[in-house]
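*Asks:* My structure is below; once you've seen it, I'll send some questions.
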There are 2 protein chains.
Amino acid sequence: MRYIFKNLVLFIILFSTTTQIWAQDLTTEKLNNYRDISEKIVRSALIENKGYRLLEELCKIGHRLSGTENSLKAINWAKLTMDKMNFDNVWLQKCMVPHWERGNIEKAIITNSKKYNGKSLSIAALGGSIGTTKSGVTGEIIEVQNFEELKKIGEKAKGKIIFFNRSFDMGTSNTFAAYAGGVNQRGQGAIEAAKVGGIAVIVRSMTSKYDNVPHTGIMYYIDSLTKIPAVSIGLKDADLLSEAIKNEPDLKIRLDLSCENLPEAETYNVICDLKGSEYPNEIIVLGGHFDCWDKGVGAHDDGAGCIQALETLELFKRLGIKPKRTIRCVFFANEESGSRGGLKYGVYTDTSKEIHLAAIEADRGALTPRGFYTNANIQMVAKMQDWLPALQNSGIEWIRPGGTGSDISPIKKCKALFGYAPDIQRYFDFHHSENDVFAEIHPREFELGSAAMAILAYLLSEEGL
Amino acid sequence: MRYIFKNLVLFIILFSTTTQIWAQDLTTEKLNNYRDISEKIVRSALIENKGYRLLEELCKIGHRLSGTENSLKAINWAKLTMDKMNFDNVWLQKCMVPHWERGNIEKAIITNSKKYNGKSLSIAALGGSIGTTKSGVTGEIIEVQNFEELKKIGEKAKGKIIFFNRSFDMGTSNTFAAYAGGVNQRGQGAIEAAKVGGIAVIVRSMTSKYDNVPHTGIMYYIDSLTKIPAVSIGLKDADLLSEAIKNEPDLKIRLDLSCENLPEAETYNVICDLKGSEYPNEIIVLGGHFDCWDKGVGAHDDGAGCIQALETLELFKRLGIKPKRTIRCVFFANEESGSRGGLKYGVYTDTSKEIHLAAIEADRGALTPRGFYTNANIQMVAKMQDWLPALQNSGIEWIRPGGTGSDISPIKKCKALFGYAPDIQRYFDFHHSENDVFAEIHPREFELGSAAMAILAYLLSEEGL
């Protein structure tokens, strides 16, 4: 019996893509129809490449750092682009965001060294870091791997530049776990360093690519502690520095940074709708975050996610598909340095009379599709397994419980949130760095992502939850 | 009841990676042990990057076109590399292979045109094509999309250069199906053209990348028909040519090719073993094909597959893993232009006293892992579903019925054949062209492929079939 059961399960798994055996909620006729529509969506996305071309346009505008003039140019482009597409409703949702700018000066020079005097290191100020005065910050280096080690060093760290050099764990296939395992150095490093009297922080870049490109990202201060400048450093120079201070412990670095925190600035979520034909008041949100760091142009993080969301609506229009429920695209503001856009939209949904059925966020880059993570309950996840045959055409293999997206999680009254999950092996090669450019987007992988989101949105719209 | 059953199935699928519910053949203890070993393999592969570095070395030797001097250099490197690794048995298996060389002259010039006179087109002789005399081949162009269209044109095609311009179908996510849908133009084009009196063939490159790089590959003749030269053309020039002959139907092209078919040459499969500790006479073959086309250096096709197979054995040695059955690595000769290496090894297994349990071929490039195709019977496939939790760490999501590999299919007495299935969206961007270089290999994606093969080989070795 157990054997029979096992083979039955296997049979279901192996052949669920070609025959409709284990779907009780979905008739064969309906599923075949969904598969036809899925094929049309994939074909149109891959052949037309419209989203890919839009992303190229967007990337030409440059970075979209929260609060900057350039980000407003991009927001203006987004609004105009949505207007031109004739969606039912295009609007801007205002929010205030932190405004930090890098400025022109960003230097780390080795001094007091026989071997490396005058050498410039490849660094980038972390987002939110204070700058230095005109005389810079100069100090000896203390290298540590983590906060515990720093605490043990204690007094000896006083007056020094703290160098957090813990590596991104290259030994796991889960690059997001590797990132999570190192990122507290970047986020909390300046706080921990200030506690022991450090005068600045240098953090090894959180990246899976062994080059010399520094990767930026948000860092935090606590008001009760001295605020000290914080920068990231490229991996090659991190290794060089680590080696250099072993040989010359009194080697110093002079940091000069012009970055500064400015008053909060006004910015906008950019929103458009494709109205549902039967339940226009029921909303399926698709989105990504429109802001990005100022190194690179945020092609993968997260221009891609935004344009994939937008392309979903455009694909429906292009193909004459009329979803029953309203499909909404939101370009969320400020995910990288405060998530104010996501929070603002969440507050809006608290009192809105609209019903939010589902929300899908794409914020893991635009590599080849693999699956969707969801916070849906087990019954809903069960129901959605029936949909996989219609999704597999876009490369989607699974819908699994897992983390969804930081911009959509403030939507409290939502039946299910989803996070689009493409492949992640290359993502941290470019994340938050000058490597994150349009040339790193593969048209087919990007377009299959648009198709995957469109198919899931369509199924949600037709089947509900 | 049906609902309960469905949720049960779902539960099994969703949580089979973390709990051991549906595996009847495999105890929890055993599976946990396999998962530990799997994690060690993945970690070591990703951190050491040994296979990746070996592939870099190999690619520096240059192309490995069957029968050429350069291919023998590479074979020599392979033998020495295996020797240095101290495997139990390293040997060369001789076989005779077709020997075709491109030579230095490869030109297609537009003549008899107002707009494009003297323009050089981006072309590459197809593998096996005859060359031209010193006076070249000059003729008007007949463009067709397929053989049916050519047959209809009939007599009018006589004395003309036949331009097969059917596109690679960009609208499907199955790039191998797209390739298969176009490749008869390349393989059979010269035969069909000769039937109607064509004097040469130009074939649109079978590629998913819109650039101007010509993609080569094997073509065939029939002895009873005139042999005519055949070349592929880059997509941009294919489009230019198509447009140009619409405006100037009497435009001509002059082809000059120095390629030639030489007498068959001696070459070798390169083979090494890691002897099994319990059943040394039971063999699990891992391999790829070592030959490649002379455009590019066959980094993805199929240097990667060979080195991933080799790295499997090296990973076992590196980690002190002692498989019960013998793991054999075979670098097959001549897959691209005759599969003589695969055939030779197949004949060897016909009379060998060894028992071939399984064979795994990697010949779909080195992009991120997705699954394994197999010809195993349903009971074996059922058994192997239990192994997925140990494979998922390397990115493998499934083991499914499907095509395996052309080099291993001549192994008739083998319980199960497997084809390693990485992602395929980018593969035909480089396949058979100068784009297929080491720079296109991503270290993590490549190494996860080695790990995936090593884990499957280990499971087969421990569990049998």
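Ligands are numbered from 1 in the order shown, residues from 1 within each chain, and chains are lettered A, B, ... in the order they appear in the structure tokens.
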Using only C-alpha atoms, find which residues of chain A lie within 6 Å of chain B and jot them down as a PyMOL selection string.

*Replies:* chain A and resi 10+43+46-47+170-172+382

*Asks:* Using only N, CA, C and O atoms, please write the residues we just selected to a file, as a short mmCIF file (atom, residue, chain, number, x, y, z; two decimals), in the first residue's frame.

*Replies:*
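Output contents, as saved in result.cif:
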```cif
data_model
loop_
_atom_site.label_atom_id
_atom_site.label_comp_id
_atom_site.auth_asym_id
_atom_site.auth_seq_id
_atom_site.Cartn_x
_atom_site.Cartn_y
_atom_site.Cartn_z
N LEU A 10 4.18 10.00 -7.02
CA LEU A 10 5.19 10.24 -8.04
C LEU A 10 4.55 10.50 -9.38
O LEU A 10 4.89 11.43 -10.10
N ARG A 43 5.16 33.86 -25.07
CA ARG A 43 5.57 34.15 -26.46
C ARG A 43 5.65 35.64 -26.73
O ARG A 43 6.65 36.14 -27.26
N LEU A 46 8.64 37.21 -24.79
CA LEU A 46 9.97 36.86 -25.33
C LEU A 46 10.21 37.47 -26.72
O LEU A 46 11.33 37.81 -27.06
N ILE A 47 9.15 37.61 -27.48
CA ILE A 47 9.35 38.12 -28.84
C ILE A 47 9.37 39.64 -28.88
O ILE A 47 10.21 40.24 -29.53
N MET A 170 30.80 32.08 0.66
CA MET A 170 30.72 31.59 -0.71
C MET A 170 30.33 30.11 -0.76
O MET A 170 30.05 29.58 -1.83
N GLY A 171 30.33 29.45 0.39
CA GLY A 171 30.13 28.00 0.42
C GLY A 171 28.69 27.54 0.44
O GLY A 171 28.42 26.34 0.46
N THR A 172 27.75 28.46 0.44
CA THR A 172 26.34 28.05 0.41
C THR A 172 25.72 28.45 -0.93
O THR A 172 26.05 29.50 -1.48
N ALA A 382 -2.17 24.87 -1.38
CA ALA A 382 -2.66 23.63 -2.01
C ALA A 382 -3.38 23.95 -3.31
O ALA A 382 -3.12 23.34 -4.35
#
```

*Asks:* For B:Phe446, find every residue with an atom within 12 Å (counting only C-alpha atoms), except residues of its own chain fewer than 6 positions away, and show them as a count of residues only.

*Replies:* 41

*Asks:* Name the residues in contact with stretch 229-241 of chain A at a cut-off of 7 Å, using only C-alpha atoms, excluding same-chain residues fewer than 4 positions from it; report them as a list in words.

*Replies:*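 Listed by chain and then number, they are Leu121, Ser122, Ile123, Ala124, Ala125, Leu126, Ser129, Ile130, Gly131, Thr132, Ala190, Ala200, Val201, Ile202, Val203, Arg204, Ser205, Tyr210, Asp211, Asn212, Val213, Pro214, His215, Thr216 and Ile245 of chain A.
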
*Asks:* With N, CA, C and O atoms retained, write the just-selected residues as a JSON list (two decimals), in the first residue's frame.

*Replies:*
```json
[["chain", "number", "residue", "atom", "x", "y", "z"],
["A", 121, "LEU", "N", 42.50, 53.24, -2.02],
["A", 121, "LEU", "CA", 41.70, 52.01, -1.92],
["A", 121, "LEU", "C", 40.33, 52.21, -2.57],
["A", 121, "LEU", "O", 39.79, 53.32, -2.58],
["A", 122, "SER", "N", 39.79, 51.13, -3.08],
["A", 122, "SER", "CA", 38.50, 51.18, -3.77],
["A", 122, "SER", "C", 37.37, 51.10, -2.74],
["A", 122, "SER", "O", 37.02, 50.03, -2.25],
["A", 123, "ILE", "N", 36.82, 52.25, -2.39],
["A", 123, "ILE", "CA", 35.78, 52.31, -1.35],
["A", 123, "ILE", "C", 34.53, 53.05, -1.82],
["A", 123, "ILE", "O", 34.56, 53.74, -2.83],
["A", 124, "ALA", "N", 33.47, 52.89, -1.06],
["A", 124, "ALA", "CA", 32.23, 53.65, -1.31],
["A", 124, "ALA", "C", 31.59, 53.95, 0.04],
["A", 124, "ALA", "O", 31.45, 53.04, 0.87],
["A", 125, "ALA", "N", 31.21, 55.20, 0.25],
["A", 125, "ALA", "CA", 30.49, 55.54, 1.48],
["A", 125, "ALA", "C", 29.22, 54.70, 1.56],
["A", 125, "ALA", "O", 28.57, 54.45, 0.54],
["A", 126, "LEU", "N", 28.88, 54.24, 2.76],
["A", 126, "LEU", "CA", 27.61, 53.53, 2.95],
["A", 126, "LEU", "C", 26.48, 54.54, 3.02],
["A", 126, "LEU", "O", 26.67, 55.68, 3.46],
["A", 129, "SER", "N", 25.77, 57.41, 5.76],
["A", 129, "SER", "CA", 26.99, 57.78, 6.50],
["A", 129, "SER", "C", 27.18, 59.29, 6.50],
["A", 129, "SER", "O", 26.88, 59.97, 5.52],
["A", 130, "ILE", "N", 27.70, 59.80, 7.62],
["A", 130, "ILE", "CA", 28.15, 61.19, 7.65],
["A", 130, "ILE", "C", 29.43, 61.28, 6.83],
["A", 130, "ILE", "O", 30.10, 60.27, 6.58],
["A", 131, "GLY", "N", 29.77, 62.49, 6.43],
["A", 131, "GLY", "CA", 31.04, 62.70, 5.74],
["A", 131, "GLY", "C", 32.14, 63.02, 6.74],
["A", 131, "GLY", "O", 31.96, 62.85, 7.96],
["A", 132, "THR", "N", 33.25, 63.43, 6.21],
["A", 132, "THR", "CA", 34.36, 63.86, 7.08],
["A", 132, "THR", "C", 34.51, 65.37, 6.97],
["A", 132, "THR", "O", 33.95, 65.98, 6.06],
["A", 190, "ALA", "N", 28.89, 50.79, 12.38],
["A", 190, "ALA", "CA", 29.25, 52.12, 12.89],
["A", 190, "ALA", "C", 28.77, 52.29, 14.33],
["A", 190, "ALA", "O", 29.39, 53.00, 15.13],
["A", 200, "ALA", "N", 36.06, 55.57, 12.65],
["A", 200, "ALA", "CA", 35.46, 55.33, 11.33],
["A", 200, "ALA", "C", 35.35, 53.82, 11.13],
["A", 200, "ALA", "O", 35.91, 53.04, 11.90],
["A", 201, "VAL", "N", 34.61, 53.44, 10.09],
["A", 201, "VAL", "CA", 34.38, 52.02, 9.81],
["A", 201, "VAL", "C", 34.65, 51.73, 8.33],
["A", 201, "VAL", "O", 34.23, 52.48, 7.46],
["A", 202, "ILE", "N", 35.39, 50.65, 8.11],
["A", 202, "ILE", "CA", 35.54, 50.12, 6.75],
["A", 202, "ILE", "C", 34.98, 48.71, 6.76],
["A", 202, "ILE", "O", 35.36, 47.89, 7.60],
["A", 203, "VAL", "N", 34.05, 48.43, 5.83],
["A", 203, "VAL", "CA", 33.38, 47.12, 5.82],
["A", 203, "VAL", "C", 33.67, 46.39, 4.52],
["A", 203, "VAL", "O", 33.53, 46.97, 3.43],
["A", 204, "ARG", "N", 34.07, 45.14, 4.63],
["A", 204, "ARG", "CA", 34.24, 44.29, 3.45],
["A", 204, "ARG", "C", 32.92, 44.22, 2.69],
["A", 204, "ARG", "O", 31.86, 43.98, 3.29],
["A", 205, "SER", "N", 32.97, 44.40, 1.38],
["A", 205, "SER", "CA", 31.73, 44.39, 0.59],
["A", 205, "SER", "C", 31.04, 43.03, 0.68],
["A", 205, "SER", "O", 31.69, 42.00, 0.66],
["A", 210, "TYR", "N", 34.51, 38.12, -6.89],
["A", 210, "TYR", "CA", 35.82, 38.55, -6.43],
["A", 210, "TYR", "C", 36.42, 39.57, -7.40],
["A", 210, "TYR", "O", 37.15, 39.25, -8.32],
["A", 211, "ASP", "N", 36.05, 40.83, -7.17],
["A", 211, "ASP", "CA", 36.66, 41.91, -7.93],
["A", 211, "ASP", "C", 36.99, 43.03, -6.95],
["A", 211, "ASP", "O", 37.08, 42.77, -5.75],
["A", 212, "ASN", "N", 37.16, 44.24, -7.43],
["A", 212, "ASN", "CA", 37.52, 45.31, -6.49],
["A", 212, "ASN", "C", 36.46, 46.39, -6.41],
["A", 212, "ASN", "O", 36.74, 47.53, -6.05],
["A", 213, "VAL", "N", 35.26, 46.03, -6.74],
["A", 213, "VAL", "CA", 34.15, 46.99, -6.75],
["A", 213, "VAL", "C", 33.51, 47.07, -5.36],
["A", 213, "VAL", "O", 33.08, 46.03, -4.83],
["A", 214, "PRO", "N", 33.45, 48.25, -4.74],
["A", 214, "PRO", "CA", 32.78, 48.34, -3.45],
["A", 214, "PRO", "C", 31.25, 48.30, -3.60],
["A", 214, "PRO", "O", 30.71, 48.85, -4.56],
["A", 215, "HIS", "N", 30.60, 47.61, -2.67],
["A", 215, "HIS", "CA", 29.13, 47.50, -2.69],
["A", 215, "HIS", "C", 28.57, 48.31, -1.52],
["A", 215, "HIS", "O", 28.90, 48.03, -0.37],
["A", 216, "THR", "N", 27.72, 49.27, -1.83],
["A", 216, "THR", "CA", 27.17, 50.13, -0.79],
["A", 216, "THR", "C", 25.89, 49.50, -0.20],
["A", 216, "THR", "O", 25.62, 48.31, -0.41],
["A", 245, "ILE", "N", 48.23, 45.29, 6.99],
["A", 245, "ILE", "CA", 48.31, 45.64, 8.42],
["A", 245, "ILE", "C", 48.91, 44.50, 9.25],
["A", 245, "ILE", "O", 49.35, 44.73, 10.37]]
```

*Asks:* DSSP on the backbone: what in stretch 109-235 of chain A comes out strand (DSSP E or B), as a ChimeraX atom specification?

*Replies:* /A:109-111,120,123-125,127,137-144,161-164,200-204,218,230-233

*Asks:* What's around B:Met206 at 8 Å? Count only C-alpha atoms, leave out sequence neighbours fewer than 6 positions away in its own chain, and write the answer as an NGL selection string.

*Replies:* :B and (167-168 or 179 or 182-183 or 215 or 428)

*Asks:* Let's have the selection written as a compact mmCIF listing (two decimals), in the first residue's frame, with N, CA, C and O atoms.

*Replies:*
```
# COMPACT_ATOMS: atom_id res chain seq x y z
N SER B 167 13.98 31.71 -38.77
CA SER B 167 14.49 32.17 -37.46
C SER B 167 14.41 31.09 -36.40
O SER B 167 13.50 30.27 -36.40
N PHE B 168 15.34 31.12 -35.49
CA PHE B 168 15.26 30.46 -34.20
C PHE B 168 14.01 31.01 -33.53
O PHE B 168 13.81 32.22 -33.48
N TYR B 179 15.93 25.46 -31.11
CA TYR B 179 17.09 25.03 -31.89
C TYR B 179 16.71 23.87 -32.81
O TYR B 179 17.00 23.89 -34.01
N GLY B 182 14.95 24.69 -36.01
CA GLY B 182 15.63 25.40 -37.09
C GLY B 182 16.81 24.65 -37.68
O GLY B 182 17.27 24.97 -38.78
N VAL B 183 17.29 23.64 -36.96
CA VAL B 183 18.61 23.11 -37.26
C VAL B 183 18.66 22.26 -38.52
O VAL B 183 19.74 22.03 -39.07
N HIS B 215 27.13 31.18 -36.14
CA HIS B 215 27.20 29.96 -35.32
C HIS B 215 27.36 28.78 -36.27
O HIS B 215 26.50 28.55 -37.11
N PHE B 428 22.06 29.14 -26.12
CA PHE B 428 22.24 29.31 -27.57
C PHE B 428 22.76 30.70 -27.94
O PHE B 428 22.94 31.00 -29.11
```

*Asks:* Please report the interatomic distance between atom CA of B:Tyr221 and atom CA of B:Asn334 in Å with one decimal.

*Replies:*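 Atom-to-atom, atom CA of B:Tyr221 and atom CA of B:Asn334 are spaced 18.1 Å apart.
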
*Asks:* Compile the contact shell of A:Lys115 as a tab-separated table (two decimals) with all heavy atoms, in the first residue's frame: residues with an atom at most 10 Å away, counting only C-alpha atoms, same-chain residues fewer than 3 positions apart removed.

*Replies:*
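Generated output (out_36.tsv):
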```tsv
chain	number	residue	atom	x	y	z
A	110	ILE	N	46.16	55.13	1.86
A	110	ILE	CA	47.05	54.55	2.87
A	110	ILE	C	48.20	55.52	3.17
A	110	ILE	O	48.81	56.08	2.25
A	110	ILE	CB	47.61	53.19	2.38
A	110	ILE	CG1	46.47	52.17	2.23
A	110	ILE	CG2	48.69	52.66	3.34
A	110	ILE	CD1	46.89	50.79	1.76
A	111	THR	N	48.45	55.73	4.45
A	111	THR	CA	49.58	56.57	4.87
A	111	THR	C	50.39	55.78	5.91
A	111	THR	O	49.98	54.70	6.34
A	111	THR	CB	49.12	57.91	5.50
A	111	THR	OG1	48.46	57.61	6.75
A	111	THR	CG2	48.17	58.66	4.60
A	112	ASN	N	51.51	56.34	6.27
A	112	ASN	CA	52.36	55.74	7.31
A	112	ASN	C	52.76	54.30	6.99
A	112	ASN	O	52.86	53.45	7.88
A	112	ASN	CB	51.61	55.80	8.66
A	112	ASN	CG	52.59	55.77	9.84
A	112	ASN	OD1	53.66	56.35	9.75
A	112	ASN	ND2	52.22	55.08	10.90
A	118	GLY	N	50.41	56.25	0.09
A	118	GLY	CA	49.78	56.97	-1.02
A	118	GLY	C	48.82	56.13	-1.83
A	118	GLY	O	48.12	56.64	-2.71
A	119	LYS	N	48.75	54.83	-1.55
A	119	LYS	CA	47.84	53.98	-2.34
A	119	LYS	C	46.39	54.30	-2.05
A	119	LYS	O	45.98	54.43	-0.89
A	119	LYS	CB	48.12	52.50	-2.04
A	119	LYS	CG	47.22	51.59	-2.88
A	119	LYS	CD	47.46	50.13	-2.72
A	119	LYS	CE	46.34	49.34	-3.38
A	119	LYS	NZ	46.11	49.66	-4.81
A	244	ALA	N	48.33	43.90	4.52
A	244	ALA	CA	49.24	45.04	4.77
A	244	ALA	C	49.35	45.33	6.27
A	244	ALA	O	50.46	45.58	6.78
A	244	ALA	CB	48.73	46.27	4.02
A	247	ASN	N	51.64	43.08	8.23
A	247	ASN	CA	53.07	43.40	8.12
A	247	ASN	C	53.42	44.75	8.74
A	247	ASN	O	54.51	44.94	9.25
A	247	ASN	CB	53.47	43.40	6.65
A	247	ASN	CG	53.25	42.02	6.03
A	247	ASN	OD1	53.51	41.00	6.66
A	247	ASN	ND2	52.74	42.00	4.81
A	248	GLU	N	52.47	45.68	8.65
A	248	GLU	CA	52.73	47.02	9.18
A	248	GLU	C	51.53	47.44	10.05
A	248	GLU	O	50.64	48.15	9.58
A	248	GLU	CB	52.88	48.01	8.03
A	248	GLU	CG	54.02	47.72	7.08
A	248	GLU	CD	54.18	48.83	6.02
A	248	GLU	OE1	54.92	49.80	6.28
A	248	GLU	OE2	53.54	48.74	4.97
A	251	LEU	N	50.31	51.06	10.11
A	251	LEU	CA	49.81	51.66	8.86
A	251	LEU	C	48.51	52.42	9.17
A	251	LEU	O	47.72	52.01	10.02
A	251	LEU	CB	49.56	50.51	7.88
A	251	LEU	CG	48.83	50.73	6.55
A	251	LEU	CD1	49.28	49.66	5.55
A	251	LEU	CD2	47.32	50.65	6.72
```

*Asks:* Have a look at B:Ala78, B:Leu465, B:Leu257, B:Leu286 and name the one nearest to B:Thr138; count only C-alpha atoms.

*Replies:*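 Under the stated criterion, the closest residue is B:Leu257.
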
*Asks:* For atom CA of B:Ala178 and atom CA of B:Glu192, determine how far apart the two atoms are, in Å to one decimal place.

*Replies:* 21.0 Å

*Asks:* Please provide the set of residues having any atom within 12 Å of B:Ser461, restricted to only C-alpha atoms, with same-chain residues fewer than 6 positions apart removed, written as a list in words.

*Replies:*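 Skipping anything fewer than 6 positions along the chain leaves Tyr34, Leu274, Lys275, Gly276, Ser277, Glu278, Tyr279, Pro280, Asn281, Glu282, Ile283, Ile284, Val285, Phe316, Ile321, Lys322, Pro323, Lys324, Arg325, Thr326, Ile327, Arg328, His356, Leu357, Ala358, Ala359, Met453, Ala454 and Ile455 of chain B.
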
*Asks:* Within 9 Å of B:Ile142, counting only C-alpha atoms, which residues qualify if same-chain residues fewer than 2 places away don't, as a PyMOL selection string?

*Replies:* chain B and resi 140+144+150+156-157+160-164+245+249
